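In what follows, a structure is listed as structure tokens, so that the remarks can point back to it.
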Amino acid sequence: MKTAMKHNQRIVLDQIAREQYQQIYLQGKNGDLSCPVCNEKVRLFLGIQEHPHFYHIKSPEKACPEPVIEEFDPIIIERNGFRIPQGRTIIETTKGTSLFRSAKPIECTIPFKKNTTANPLKYDSYLRQLASNGVVLDDNQSAAVIETEGSLLVLAGAGSGKTRVLTARTAYMLDVKKIDPRTIMLVTFTSKAAGEMKNRLLSYPEIKKEQINKLVTGTFHSIFYRILMFHEGSNWSSERLLKKDWQRDRILKEAGKELDLSEKEFAYDLVLQQIGLWKNSLLFPHDIKPKSDWEEKAAFLYTKYEEYKVQEGLFDFDDMLIGCYQLLVSSPSILEVYQNRFHYFLIDEFQDVNKVQYELIKLLSGKHKNVCAVGDDDQAIYSFRGSDPSYLLEFEKDFSNAKMVTLEQNYRSSHEIITAANDMISKNKIRRKKKMKAQFESGIHPVLFYPYDEEEEATMIVTDIHEKIMHGANPSDFAILFRTNAGSRAVFERLASSNLPFKIDLDSEAFYERRIVKSVLSFLRLSLNEDNHQALSDILPILFLKQTVLKDLKAESILKDCTYLDALSHIKTKHAFQEKKLKKAVQLIRSLKFSPPLKTIETIEKELGFIDFLKKRGNESNQQDKGSDDLKDLKVAAKSFDSIQALLSHAEHMSAMNKEIKNLSKHFTEAISLSTIHRAKGLEYINVYIIGAVDGSLPHDYALDSSRNGDFTAIEEERRLFYVAMTRAMQELFISVPQNRRGKKAHPTRFLAPLMKKKNK
């Protein structure tokens, strides 16, 4: 049904502006819409694979006949004894009105051909024994297992069973080759992965627990920290470790006082990230050549941070690897001991190694050169942590005579999904050529859908998931993936207002708790309560005032018997122009409460100089997480509210929900996963939704800026990120292409271009 009534006004979907669909959806949810035929309550269905339509809440299957709309037959109502004609639509038909754009499948043009070449039984008896125990390996997997001598690069594509290969290879080395387990080092990127591999090894025939316990397994940090502790235990005691971010943050903030950096507003967390990147790349303070004002500040803080650690005898997690590297380089005798001790190295997720990790493996394997590196350059997505896929791409340079085995059979995703992912990633120029092959076809094509904006995107996804769960799906079958945590704001809110169980990353920051968003909301709180001490404290940096001014404001408030906000206009500074600005700011802040939320934020942005503040304080320095982006996202959210009190209440509720969901996430076994693409790597789900597939989101703005300057490495990593997202899906993949993002017209991500060209041929 295309027609509904709202307070005697007729709503015809084909005759209203496209941007109003979400508003009408909310009106239906609030019980404001009714059927023009039977007068029962109705709602607007906003899903992915069906056109928008109204349905009866009590009986969704009920189908009233579409009312006949006569152009010149107005609705007549009686009011105060008079018969008054009423308009039939909320918004009259407008030429050029954007209509709902139907979802489109990404059609597969390559016919499915089941793999019939795998024949693991042609190898030795051990592999036949594994097959009889349920560990069946295809030809390439088998080759990777039995090729134990010399260096080997295993290109393990998405879903190709690399964990099975690593564990089967280790078992083969122990049982068939009779290699001493103490000479084998198995390195993973997480303790969880190391534990899973040990547990899986226990299920292999003839493998004893005593053998597994003698293997040297763990993460880079855990293994090399043990070496450090053995040789220099007094210098590397865990009591000297800076375990918490707040400890490191405190050191930087103390150093930042020398540059007069604001503790509240300067991005110290980003400096910590940058310092980690430099250290993992073996770049020390004297090596840094700053390229911007922000990098100059970060380099200064890096120098002070390292000086403080040396002075106090402290170290951080990055120092564990650097310290071990320096120990081995400076002590040839110790290096020789470990080169003789370890004969075989198995490195998981090799595409994610950084410089210091790579150099450590090179040093230790220098004598025997038996390195088995397992990874996929198409899934290298951690350059911001110092990871460098070039070590995988150029493996043969440092490990001469290395062999290579490519695992191209995908055991996770359907043929339709894998074909689309192959076509998309093939446009990367710097990669090892490979094409994954699926083991099954589902007959279900990946789907592109086109919401109007972020709000409608969230509604459509949650509606689609709800429909599927109503038809028997489990909540854990679903994952919603996004480029950055800030991009999940709308979908988090929609899920929070539903009755669907979902979980989020424990370290994901609530949108309304983000530094920039919180500062803007503090202006609104101060407008409603001019004596709000905390709100006043939050906005002082934006007005370029130090926190010490608070004492003066309290004194002025008592002396002049006025509010804290009024006291701002009486504050004396060293600059007349600043005092004049403060007086103007007081009037502007006071006037905010009379305007709708969107307009108030625009006032804060422009007339109160918030954008200037962001630039001067360095909040725009981070390529991937700009403060002005948070401001744009907040403006999108604000459009849904009529008053600033309503927006503030909503913000408080969502922040509380974020904490509650984090607590519940620990206990959920059946829940929808809400995750960044980075966090979803290595996981799999039956159904995956990728949101924000538009230029500026995925690929991110910073990658587009880099490509305009001739550097395409960031764009290629963003394409790899998209590939990782696509290959998380097992059966159904939905890609959202919003028509508008952050209040402006959006363009579909360039990564979809090869898929669309193929479809148009």
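Labels for the structure tokens follow display order: chains A, B, ..., residues from 1 in each chain, ligands from 1.
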
Can you check which parts of segment 535-609 of chain A lie within 8 Å of segment 511-524 of chain A? Per residue, the shortest pair of atoms and distance in Å to one decimal, counting only C-alpha atoms, sorted by chain and number, as a Markdown table.
```
| residue | atom | partner | partner_atom | distance |
| --- | --- | --- | --- | --- |
| A:Ala535 | CA | A:Ser522 | CA | 4.6 |
| A:Leu536 | CA | A:Ser522 | CA | 7.2 |
| A:Asp538 | CA | A:Ser519 | CA | 5.8 |
| A:Ile539 | CA | A:Ser519 | CA | 6.0 |
| A:Ile589 | CA | A:Phe523 | CA | 6.6 |
| A:Leu592 | CA | A:Leu524 | CA | 6.8 |
| A:Lys593 | CA | A:Leu524 | CA | 7.1 |
| A:Thr600 | CA | A:Leu524 | CA | 7.9 |
| A:Ile601 | CA | A:Val520 | CA | 7.2 |
| A:Ile604 | CA | A:Val520 | CA | 7.3 |
```

Next item on the list: Do a neighbour search on Lys433 of chain A at 12 Å with only C-alpha atoms, toss out local chain neighbours closer than 2 positions, and write the hits as number ranges by chain.
Entry: A: 155, 157, 376-378, 393, 406-408, 422-423, 425-431, 435-436

Next item on the list: Please provide the set of residues having any atom within 6 Å of segment 714-724 of chain A, restricted to only C-alpha atoms, with same-chain residues fewer than 5 positions apart removed, written as a PyMOL selection string.
Entry: chain A and resi 378-379+381+421+428+699+703

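One finds atom CA of Asn39 of chain A at 8.4 Å from atom CA of Met5 of chain A.
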
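Restricting the calculation to only C-alpha atoms, the smallest distance between Leu528 of chain A and any of A:Ile288, A:Ile275, A:Leu648, A:Ile223 is found for A:Leu648.
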
Margin query: Please determine, counting only C-alpha atoms, which residue among A:Pro475, A:Asn340, A:Tyr702, A:Val694 has the shortest atom-to-atom distance to Lys745 of chain A.
Written below: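 Using only C-alpha atoms, Lys745 of chain A sits closest to A:Val694.
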
Note to self: Report as a list in words all protein, DNA and RNA residues lying within 9 Å of His231 of chain A, evaluated on only C-alpha atoms, omitting residues in the same chain fewer than 4 positions from it.
What the structure shows: Arg226, Ile227, Leu327 and Ile334 of chain A

Once you have the residues from the selection above, write them out as a PDB file, in the first residue's frame, restricted to C-alpha atoms.
```
ATOM      1  CA  ARG A 226      61.118 -14.075  27.041  1.00  0.00           C
ATOM      2  CA  ILE A 227      64.517 -13.825  25.337  1.00  0.00           C
ATOM      3  CA  LEU A 327      70.393  -7.225  21.919  1.00  0.00           C
ATOM      4  CA  ILE A 334      73.838 -14.477  21.827  1.00  0.00           C
TER       5      ILE A 334
END
```

Note to self: As an exercise, work out the distance from atom CA of Leu553 of chain A to atom CA of Lys599 of chain A in Å and give it to one decimal place.
What the structure shows: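 Value for the atom CA of Leu553 of chain A-atom CA of Lys599 of chain A distance: 28.0 Å.
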
Check: Nearest to His700 of chain A among A:Asp612, A:Glu493, A:Asp507, A:Asp629, with distances taken over only C-alpha atoms: which residue is it?
Finding: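 Nearest to His700 of chain A: A:Asp629.
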
Next item on the list: Can you check which residues of segment 546-682 of chain A DSSP gives as alpha helix (DSSP H) on the backbone and send them as a PyMOL selection string?
Entry: chain A and resi 549-559+564-568+576-591+597-606+610-617+627-638+644-665+677-680

Check: Can you tell me how far atom CA of Asp316 of chain A sits from atom CA of Ala299 of chain A, in Å to one decimal?
Finding: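 Between atom CA of Asp316 of chain A and atom CA of Ala299 of chain A the gap is 17.4 Å.
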
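Residue nearest Lys58 of chain A, chosen from A:Ala194, A:Ile106, A:Ala373, A:Val42 and counting only C-alpha atoms: A:Val42.
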
Margin query: Residues within 12 Å of Leu540 of chain A, please, as a list in words. Count only C-alpha atoms; anything in the same chain fewer than 6 positions from it doesn't count.
Written below: Ser262, Glu263, Lys264, Glu265, Ser519, Val520, Ser522, Phe523, Leu526, His533, Gln534, Lys546, Gln547, Thr548, Val549, Leu550, Leu553, Tyr564, Leu565, Leu568, Leu582, Ala585, Leu608, Phe610 and Phe613 of chain A

Check: Hey, which of A:Glu359, A:Glu416, A:Glu19, A:Asp642 ends up closest to Cys108 of chain A? Count only C-alpha atoms.
Finding: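 So, comparing all the options, the nearest one is A:Glu416.
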
Next item on the list: Name the residues in contact with segment 128-143 of chain A at a cut-off of 12 Å, using only C-alpha atoms, excluding same-chain residues fewer than 5 positions from it; report them as JSON, numbers by chain.
Entry: {"A": [115, 116, 117, 118, 119, 120, 121, 122, 123, 148, 152, 153, 154, 155, 156, 157, 160, 161, 162, 163, 164, 165, 166, 167, 168, 169, 171, 172, 175, 176, 200, 201, 203, 204, 205, 206, 207, 374, 403, 404, 405, 406, 407, 408, 409, 410, 411, 439]}

Margin query: Could you pull out the strand (DSSP E) residues of segment 395-540 of chain A, going by DSSP on the backbone, and write them as a PyMOL selection string?
Written below: chain A and resi 403-407+409-410+437-438+447-449+478-482+502-504
